[in-house]
Amino acid sequence: MLNPWFIWSFIFNTARLSTALQILIFLPLTLATISNQAFLLLSLLLTIHSLIHGTMSLMWRSHALSVLQVPMHPFLLLVCFNIFSSSPHPWLLAAADWWGTLLTLSGPLFIIMEGLSSLLVVQKLGQTGKRLVSRGEVYQFGLLIATAVAYVASAWWIVDSYPTAASSPLSSTLLGVAITAFLFLTIIGFVVRRTNIIESSGLAVFLAYNVWLCGFDQKSFTDPASSYAPLLPNILPHFQTLVNFVTNTLPKPILIALFYRLAILQLASGILPTIGADSWESEVGVDDEWSDRPTSMLTRILLTYRQSIFITVYSHLLLLDHSSQIWSRWMNIFFTLIIWSVELLVSSEDDPVEKEWKID
């Protein structure tokens, strides 16, 4: 006989997966089959629903809410299709335009969040690696191999992406400046003893990843509003068309950027409670909990409303054209390098109180 806990866990995880897949498909589907304003309206409706769902989860903390929300996304999709089957109300169009403007203005915020989260995760890896090194030569040898692989893979990744990433004099100049700045900051960090090879190799991978996205094959990326097959007239009798839509025409660069941004935010949210620890506190905090910390409250809010973050980040990425995607990548690279340089130069090695999460 199956354990009831196992059955409920399976239902709960399936509901969460179904919710994520619905959002991944419904937003570009609406953008492809109706219009940009219909896409923005659906994004707004999904965001409002996710905020309500997150607030209810914060108040009641019931896993049943994740199951109950599964039919809401298809319902909102049908509502959006029904609204745009005739002339929409001007107020709805105004709300969609307002939401689109807000998403566009939120671009720098998403770049800052991704850059800070990436740097925070890389520094946490450096801290963890430093602790493992002190345990013995086996860990030292393994981490040396891992960092060497990371450096070589990053260099190969950048070289392989160079023909497309540096397709213009400006982009090639930006790439050269970024690599030079990274090398100089690495050397400075080693000299002032504020970084290690694990942190540096992690940032090298981050730099290579963004350069690769800058040089992503443009033939594989086209405007989401104009590239998808029109499914609205025959969505029911031609289910295979929908399958082809999912497997072939979803914007792959956007999905890659989305998954990375959400993953790095998830990892950073787990590190936030350790920031601001007092020098006498252990890794698990005072009384084995972080509940009294402001960073812990921020983590709880981020995790509670992660579905809203998912929808807004995805909607923002779908709104960007190819050139905007490239510029956002360069902004992300240089913002992260600037923050890293500030952290390396401002932080003092002789601080009387060393924070657990910082790098010596």
# chains A, B, ... in the order shown; residues from 1 in each chain; ligands from 1
$ residues_around --residues "range 327-334 of chain A" --least-positions-apart "3" --cutoff "12 Å" --atoms "only C-alpha atoms" --output "PyMOL selection string"
chain A and resi 104+106-119+165-166+170-182+203-216+253-254+257+261+316-317+320-324+337-341
$ write_last_selection --atoms "C-alpha atoms" --output "CSV table (one decimal), in the first residue's frame"
chain,number,residue,atom,x,y,z
A,104,THR,CA,10.2,47.7,-19.7
A,106,SER,CA,12.0,47.0,-14.7
A,107,GLY,CA,14.8,45.9,-17.0
A,108,PRO,CA,17.6,47.5,-15.0
A,109,LEU,CA,16.2,46.0,-11.8
A,110,PHE,CA,16.3,42.5,-13.2
A,111,ILE,CA,19.9,43.1,-14.4
A,112,ILE,CA,21.0,44.2,-11.0
A,113,MET,CA,19.3,41.3,-9.3
A,114,GLU,CA,20.9,38.8,-11.6
A,115,GLY,CA,24.4,40.4,-11.3
A,116,LEU,CA,24.3,40.6,-7.5
A,117,SER,CA,22.9,37.1,-7.2
A,118,SER,CA,25.6,35.6,-9.5
A,119,LEU,CA,28.3,37.4,-7.6
A,165,ALA,CA,29.5,37.9,-30.2
A,166,ALA,CA,32.0,40.3,-31.7
A,170,LEU,CA,31.6,48.0,-30.7
A,171,SER,CA,30.8,44.5,-29.5
A,172,SER,CA,34.4,43.4,-30.1
A,173,THR,CA,35.6,46.4,-28.1
A,174,LEU,CA,33.2,45.6,-25.3
A,175,LEU,CA,34.4,42.0,-25.2
A,176,GLY,CA,38.0,43.1,-25.0
A,177,VAL,CA,37.3,45.5,-22.2
A,178,ALA,CA,35.3,42.9,-20.3
A,179,ILE,CA,38.1,40.3,-20.5
A,180,THR,CA,40.8,42.7,-19.7
A,181,ALA,CA,38.9,44.1,-16.7
A,182,PHE,CA,38.2,40.5,-15.5
A,203,LEU,CA,33.1,34.6,-12.6
A,204,ALA,CA,34.9,33.4,-15.7
A,205,VAL,CA,32.1,31.0,-16.4
A,206,PHE,CA,29.6,33.8,-15.8
A,207,LEU,CA,31.4,36.0,-18.2
A,208,ALA,CA,31.6,33.3,-20.9
A,209,TYR,CA,27.9,32.5,-20.4
A,210,ASN,CA,26.9,36.1,-21.1
A,211,VAL,CA,29.2,36.4,-24.0
A,212,TRP,CA,27.7,33.3,-25.5
A,213,LEU,CA,24.2,34.7,-25.1
A,214,CYS,CA,25.4,37.9,-26.9
A,215,GLY,CA,26.6,35.8,-29.8
A,216,PHE,CA,23.7,33.3,-29.8
A,253,PRO,CA,17.8,32.1,-25.7
A,254,ILE,CA,14.9,33.5,-23.6
A,257,ALA,CA,18.3,33.2,-19.7
A,261,ARG,CA,18.1,34.0,-13.8
A,316,HIS,CA,10.1,41.1,-19.7
A,317,LEU,CA,12.4,38.7,-21.6
A,320,LEU,CA,12.9,42.3,-25.6
A,321,ASP,CA,14.0,42.1,-29.2
A,322,HIS,CA,17.4,40.5,-30.2
A,323,SER,CA,19.4,43.8,-29.9
A,324,SER,CA,17.9,44.6,-26.5
A,337,LEU,CA,32.5,43.4,-12.8
A,338,ILE,CA,32.0,46.8,-11.2
A,339,ILE,CA,30.3,45.4,-8.1
A,340,TRP,CA,33.1,42.8,-7.8
A,341,SER,CA,35.8,45.5,-8.1
$ residues_around --residues "Ala153 in chain A" --least-positions-apart "4" --cutoff "10 Å" --atoms "only C-alpha atoms" --output "PyMOL selection string"
chain A and resi 147-149+157-159+201+204-205+208
$ write_last_selection --atoms "N, CA and C atoms" --output "PDB file, in the first residue's frame"
ATOM      1  N   THR A 147      38.690  23.977 -10.906  1.00  0.00           N
ATOM      2  CA  THR A 147      38.905  25.362 -11.326  1.00  0.00           C
ATOM      3  C   THR A 147      39.641  25.424 -12.658  1.00  0.00           C
ATOM      4  N   ALA A 148      40.583  24.500 -12.880  1.00  0.00           N
ATOM      5  CA  ALA A 148      41.277  24.472 -14.160  1.00  0.00           C
ATOM      6  C   ALA A 148      40.304  24.168 -15.301  1.00  0.00           C
ATOM      7  N   VAL A 149      39.417  23.214 -15.067  1.00  0.00           N
ATOM      8  CA  VAL A 149      38.394  22.891 -16.072  1.00  0.00           C
ATOM      9  C   VAL A 149      37.500  24.095 -16.328  1.00  0.00           C
ATOM     10  N   TRP A 157      34.701  28.604 -24.476  1.00  0.00           N
ATOM     11  CA  TRP A 157      33.349  29.120 -24.700  1.00  0.00           C
ATOM     12  C   TRP A 157      33.399  30.514 -25.322  1.00  0.00           C
ATOM     13  N   ILE A 158      34.293  31.353 -24.793  1.00  0.00           N
ATOM     14  CA  ILE A 158      34.409  32.715 -25.321  1.00  0.00           C
ATOM     15  C   ILE A 158      34.970  32.698 -26.734  1.00  0.00           C
ATOM     16  N   VAL A 159      36.010  31.883 -26.959  1.00  0.00           N
ATOM     17  CA  VAL A 159      36.600  31.807 -28.294  1.00  0.00           C
ATOM     18  C   VAL A 159      35.588  31.276 -29.301  1.00  0.00           C
ATOM     19  N   SER A 201      37.254  31.605 -11.099  1.00  0.00           N
ATOM     20  CA  SER A 201      36.823  30.697 -12.161  1.00  0.00           C
ATOM     21  C   SER A 201      35.306  30.721 -12.318  1.00  0.00           C
ATOM     22  N   ALA A 204      34.545  33.666 -14.317  1.00  0.00           N
ATOM     23  CA  ALA A 204      34.932  33.424 -15.707  1.00  0.00           C
ATOM     24  C   ALA A 204      33.824  32.674 -16.446  1.00  0.00           C
ATOM     25  N   VAL A 205      33.223  31.700 -15.785  1.00  0.00           N
ATOM     26  CA  VAL A 205      32.098  30.988 -16.395  1.00  0.00           C
ATOM     27  C   VAL A 205      30.918  31.925 -16.608  1.00  0.00           C
ATOM     28  N   ALA A 208      31.686  34.033 -19.628  1.00  0.00           N
ATOM     29  CA  ALA A 208      31.559  33.263 -20.863  1.00  0.00           C
ATOM     30  C   ALA A 208      30.099  33.000 -21.203  1.00  0.00           C
TER      31      ALA A 208
END
$ residues_around --residues "Thr186 in chain A" --least-positions-apart "5" --cutoff "9 Å" --atoms "only C-alpha atoms" --output "PyMOL selection string"
chain A and resi 181+191+195-197+200
$ residues_around --residues "range 65-70 of chain A" --least-positions-apart "2" --cutoff "6 Å" --atoms "only C-alpha atoms" --output "number ranges by chain"
A: 15, 19, 62-63, 72
$ atom_distance --atom1 "CA of Ile11 in chain A" --atom2 "CA of Thr299 in chain A"
25.8 Å
$ residues_around --residues "Leu143 in chain A" --least-positions-apart "3" --cutoff "9 Å" --atoms "only C-alpha atoms" --output "JSON, numbers by chain"
{"A": [129, 132, 133, 138, 139, 140, 146, 147, 148, 198]}
$ atom_distance --atom1 "CA of Thr312 in chain A" --atom2 "CA of Phe259 in chain A"
13.2 Å
$ atom_distance --atom1 "CA of Leu44 in chain A" --atom2 "CA of Trp99 in chain A"
6.6 Å
$ residues_around --residues "Ile83 in chain A" --least-positions-apart "5" --cutoff "10 Å" --atoms "only C-alpha atoms" --output "list of chain:residue names"
A:Ala38, A:Leu41, A:Leu77, A:Leu78, A:Pro88, A:His89, A:Leu92
$ closest_residue --among "A:Leu40, A:Val122, A:Leu46, A:Val313" --to "Ile271 in chain A" --atoms "only C-alpha atoms"
A:Val122
